[in-house]
Amino acid sequence: MKASAFVYPWDVNGDPEAPARIAALGVRQATLASAYHSTRALTPRHPRHRIVTAEYAAVLYPAGNRWAGRGLRPYTAGRWAPSDAYGEAAGALAAAGVEVHTWVVLAHNSRLGAEHPDTSVVNAYGDRYPWAPCIAQPATRAYLVDLAAEAAVRPGAHGTELESLGWYGIQHLHAHDKTAGVALGDAGQYLMSLCFCPACRAGYGEQGLDADALAVAVRDALEPLWRGAADDGGWPTVDKLLGQDTAAATRAWRDTTARTLQEQAVGAVRAAAPDGFQVLLHADPVPYHCGANAGVDPAHVLSVADGVVVPCTGGTDLLAPFAEQAREKAVLAANFTVVSGMGGSPGTLAADAARARARGATELRLYHAGLASDRDLAAVREALGAR
């Protein structure tokens with residue numbers, strides 16, 4: 001199977017050995033970040049640094065003229081990715097024979113929420129999630145669609161992978177997160193991720209719900225969880241806690257909002273891209289899930305995009321719903337963490353890849369070539385049959 005390794009520009013720029021090292025893994029492609037959220041990243045082999053701190057979500061190239069005069073616009077990266085850091089890294093990788101695709105993070109941006117708080121998801125208690133832009137708001141949607149088109153279609157890129165193109169919610173690796181004191185299953189995560197900003201309140205009204213009454217119902221449903229009741233998870237629990245009609249109405253609003261955004265963003269990318277440009281979404285086949293792997297309807301998303309990238313480090317079960325809906329030539333990329341220190345298992349990659357193929361995977365994604373140790377990379381080379 002074709003394999004691609006995730007890479008940051010700062011893994012490559014300033015390290016003349018990096019492009020050949022990545023090519024030697026046996027991958028044919030690098031998925032290179034062009035728009036990325038804040039992070040603190042290890043660079044275990046770089047000759048100039050060991051830690052890179054990306055202080056806020058930013059584009060890793062010079063932003064274009066389309067943003068002139070607009071209130072919501074991408075932030076240019078600081079010293080961690082100066083000038084056209086993406087373009088420099090992409091050129092070096094291409095020169096080493098590695099095909100480059102962009103990696104674009106969309107609805108995940110803490111600085112946007114800090115500077116424009118009205119753009120954020122607001123939960124049933126009135127708490128804002130500054131890392132989570134509400135994808136129902138017209139201005140936010142316009143920003144995300146244009147960002148997708150610009151950050152995806154960089155010079156020399158053969159395709160893109162769009163991450164967090166959907167609802168973001170409470171679940172988030174925020175700085176010094178201390179939210180695990182109460183174990184929230186799927187039901188609790190959903191209820192705590194329902195948005196009550198003005199746009200969403202109006203959206204619930206279109207579904208026949210009173211937003212104030214819904215917020216009360218959500219708070220009442222969550223109350224037992226705060227006291228320690230078990231959250232057995234899943235949509236049946238949401239049905240039980242909110243009532244089937246109310247739960248279904250919230251899903252109708254949120255599902256439609258996410259689907260239309262995905263359609264618009266992919267359409268904008270295609271309009272800006274050359275023929276043959278591949279568009280994939282990082283996706284979860286459970287539509288009400290939130291996060292980097294956006295919850296989608298498999299049949300719908302595979303009718304819109306060229307395929308999906310599916311998280312498989314914890315197992316390959318999530319591939320099956322996509323495989324059942326896949327049309328001919330659809331890409332089903334199984335994403336495995338290959339960094340031992342982050343819970344990955346590069347030593348079992350060959351067996352994991354075989355299981356993924358049996359579940360319908362057509363490609364592999366390896367997270368992450370820049371973060372992995374030399375031992376982890378050696379295991380990847382062995383699994384991919386590289387010499």
# chains A, B, ... in the order shown; residues from 1 in each chain; ligands from 1

$ residues_around --residues "Arg357 in chain A" --least-positions-apart "5" --cutoff "10 Å" --atoms "only C-alpha atoms" --output "ChimeraX atom specification"
/A:1,316,319,332-334,351-352,362-364

$ closest_residue --among "A:Leu93, A:Leu241, A:Ala136, A:Ala283" --to "Ala24 in chain A" --atoms "only C-alpha atoms"
A:Leu93

$ select_by_dssp --residues "range 297-370 of chain A" --states "helix (DSSP H, G or I)" --output "MDAnalysis selection string"
chainID A and resid 298:304 319:325 340:342 346:358

$ closest_residue --among "A:Gly113, A:Gly71, A:Gly64, A:Pro16" --to "Arg128 in chain A" --atoms "only C-alpha atoms"
A:Gly113

$ select_by_dssp --residues "range 107-338 of chain A" --states "strand (DSSP E)" --output "MDAnalysis selection string"
chainID A and resid 120:122 128:133 159:163 278:284 294:295 307:311 331:337

$ residues_around --residues "Gly385 in chain A" --least-positions-apart "3" --cutoff "8 Å" --atoms "only C-alpha atoms" --output "number ranges by chain"
A: 26, 381-382

$ write_last_selection --atoms "all heavy atoms" --output "PDB file, in the first residue's frame"
ATOM      1  N   GLY A  26      10.723   4.505   3.001  1.00  0.00           N
ATOM      2  CA  GLY A  26       9.923   3.675   2.100  1.00  0.00           C
ATOM      3  C   GLY A  26       8.589   4.302   1.756  1.00  0.00           C
ATOM      4  O   GLY A  26       7.737   3.662   1.142  1.00  0.00           O
ATOM      5  N   ARG A 381      10.979   1.572   8.611  1.00  0.00           N
ATOM      6  CA  ARG A 381      11.696   1.135   7.399  1.00  0.00           C
ATOM      7  C   ARG A 381      11.569  -0.375   7.213  1.00  0.00           C
ATOM      8  O   ARG A 381      11.347  -0.862   6.094  1.00  0.00           O
ATOM      9  CB  ARG A 381      13.178   1.534   7.482  1.00  0.00           C
ATOM     10  CG  ARG A 381      13.445   3.014   7.291  1.00  0.00           C
ATOM     11  CD  ARG A 381      14.914   3.275   7.029  1.00  0.00           C
ATOM     12  NE  ARG A 381      15.751   2.889   8.162  1.00  0.00           N
ATOM     13  CZ  ARG A 381      16.044   3.667   9.186  1.00  0.00           C
ATOM     14  NH1 ARG A 381      15.552   4.905   9.236  1.00  0.00           N
ATOM     15  NH2 ARG A 381      16.824   3.237  10.158  1.00  0.00           N
ATOM     16  N   GLU A 382      11.724  -1.115   8.293  1.00  0.00           N
ATOM     17  CA  GLU A 382      11.613  -2.563   8.200  1.00  0.00           C
ATOM     18  C   GLU A 382      10.214  -2.985   7.773  1.00  0.00           C
ATOM     19  O   GLU A 382      10.035  -3.863   6.927  1.00  0.00           O
ATOM     20  CB  GLU A 382      11.983  -3.207   9.539  1.00  0.00           C
ATOM     21  CG  GLU A 382      11.935  -4.726   9.512  1.00  0.00           C
ATOM     22  CD  GLU A 382      12.360  -5.352  10.824  1.00  0.00           C
ATOM     23  OE1 GLU A 382      12.809  -4.608  11.721  1.00  0.00           O
ATOM     24  OE2 GLU A 382      12.245  -6.585  10.954  1.00  0.00           O
TER      25      GLU A 382
END

$ residues_around --residues "Ala77 in chain A" --least-positions-apart "5" --cutoff "9 Å" --atoms "only C-alpha atoms" --output "PyMOL selection string"
chain A and resi 54-62+82-83

$ residues_around --residues "range 46-48 of chain A" --least-positions-apart "5" --cutoff "10 Å" --atoms "only C-alpha atoms" --output "list in words"
Trp10, Asp11, Val12, Asn13, Gly14, Asp15, Pro16, Glu17, Ala18 and Gly370 of chain A

$ write_last_selection --atoms "C-alpha atoms" --output "tab-separated table (two decimals), in the first residue's frame"
chain	number	residue	atom	x	y	z
A	10	TRP	CA	10.56	22.71	10.85
A	11	ASP	CA	11.49	19.02	10.67
A	12	VAL	CA	12.99	19.64	7.24
A	13	ASN	CA	14.15	23.25	7.03
A	14	GLY	CA	17.68	23.61	8.36
A	15	ASP	CA	18.32	19.86	8.34
A	16	PRO	CA	19.88	18.90	5.00
A	17	GLU	CA	19.59	15.18	5.82
A	18	ALA	CA	15.86	15.22	6.55
A	370	GLY	CA	9.58	14.26	12.56

$ closest_atom_pairs --of "range 56-126 of chain A" --to "range 143-167 of chain A" --cutoff "6 Å" --atoms "only C-alpha atoms" --output "CSV"
residue,atom,partner,partner_atom,distance
A:Val100,CA,A:Ala157,CA,5.4
A:His101,CA,A:Gly159,CA,4.7
A:Thr102,CA,A:Thr160,CA,4.5
A:Trp103,CA,A:Glu161,CA,5.0
A:Val104,CA,A:Leu162,CA,5.0
A:Val105,CA,A:Glu163,CA,4.8
A:Leu106,CA,A:Ser164,CA,5.5
A:Ala107,CA,A:Ser164,CA,5.4

$ write_last_selection --atoms "C-alpha atoms" --output "JSON list (two decimals), in the first residue's frame"
[["chain", "number", "residue", "atom", "x", "y", "z"],
["A", 100, "VAL", "CA", 4.10, 16.39, -1.29],
["A", 101, "HIS", "CA", 0.49, 16.82, -0.13],
["A", 102, "THR", "CA", -0.64, 19.61, 2.17],
["A", 103, "TRP", "CA", -1.90, 19.05, 5.71],
["A", 104, "VAL", "CA", -4.45, 21.71, 6.65],
["A", 105, "VAL", "CA", -5.94, 22.16, 10.14],
["A", 106, "LEU", "CA", -9.18, 24.16, 9.98],
["A", 107, "ALA", "CA", -11.74, 24.43, 12.84]]

$ closest_residue --among "A:Val296, A:Pro224, A:Gly291, A:Ser303" --to "Gly267 in chain A" --atoms "only C-alpha atoms"
A:Ser303

$ atom_distance --atom1 "CA of Ala292 in chain A" --atom2 "CA of Pro133 in chain A"
12.5 Å

$ residues_around --residues "Pro117 in chain A" --least-positions-apart "3" --cutoff "12 Å" --atoms "only C-alpha atoms" --output "list in words"
Leu72, Asn109, Ser110, Arg111, Leu112, Gly113, Ala114, Ser120, Val121, Val122, Asp127, Arg128, Tyr129, Pro130, Trp131, Ala132, Pro133, Cys134, Thr140 and Cys197 of chain A

$ residues_around --residues "Gly233 in chain A" --least-positions-apart "3" --cutoff "7 Å" --atoms "only C-alpha atoms" --output "list in words"
Gly185, Asp186, Ala187 and Thr237 of chain A

$ atom_distance --atom1 "CA of Ala249 in chain A" --atom2 "CA of Gln207 in chain A"
5.7 Å

$ decode --residues "range 33-47 of chain A" --atoms "N, CA and C atoms" --output "short mmCIF file (atom, residue, chain, number, x, y, z; two decimals), in the first residue's frame"
data_model
loop_
_atom_site.label_atom_id
_atom_site.label_comp_id
_atom_site.auth_asym_id
_atom_site.auth_seq_id
_atom_site.Cartn_x
_atom_site.Cartn_y
_atom_site.Cartn_z
N ALA A 33 2.53 19.91 6.78
CA ALA A 33 1.65 20.93 7.36
C ALA A 33 1.83 22.27 6.65
N SER A 34 0.71 22.85 6.22
CA SER A 34 0.73 24.19 5.64
C SER A 34 -0.08 25.17 6.48
N ALA A 35 -1.02 24.66 7.29
CA ALA A 35 -1.77 25.47 8.25
C ALA A 35 -1.97 24.59 9.47
N TYR A 36 -1.49 25.06 10.64
CA TYR A 36 -1.43 24.16 11.78
C TYR A 36 -1.73 24.90 13.07
N HIS A 37 -2.24 24.14 14.06
CA HIS A 37 -2.58 24.72 15.36
C HIS A 37 -1.34 24.89 16.22
N SER A 38 -1.49 25.52 17.36
CA SER A 38 -0.38 25.69 18.29
C SER A 38 0.08 24.32 18.79
N THR A 39 1.38 24.20 18.99
CA THR A 39 1.92 22.93 19.46
C THR A 39 3.32 23.14 20.03
N ARG A 40 3.77 22.17 20.79
CA ARG A 40 5.17 22.11 21.22
C ARG A 40 5.69 20.77 20.74
N ALA A 41 6.67 20.79 19.84
CA ALA A 41 7.07 19.59 19.13
C ALA A 41 8.54 19.27 19.33
N LEU A 42 8.82 17.99 19.50
CA LEU A 42 10.18 17.51 19.60
C LEU A 42 10.78 17.35 18.20
N THR A 43 12.05 17.68 18.06
CA THR A 43 12.78 17.46 16.80
C THR A 43 14.07 16.72 17.16
N PRO A 44 14.00 15.40 17.31
CA PRO A 44 15.11 14.66 17.92
C PRO A 44 16.39 14.58 17.10
N ARG A 45 16.36 14.95 15.82
CA ARG A 45 17.57 14.85 15.00
C ARG A 45 18.03 16.17 14.42
N HIS A 46 17.31 17.24 14.65
CA HIS A 46 17.62 18.49 13.96
C HIS A 46 18.94 19.06 14.45
N PRO A 47 19.79 19.55 13.55
CA PRO A 47 21.10 20.06 13.97
C PRO A 47 21.06 21.37 14.73
#
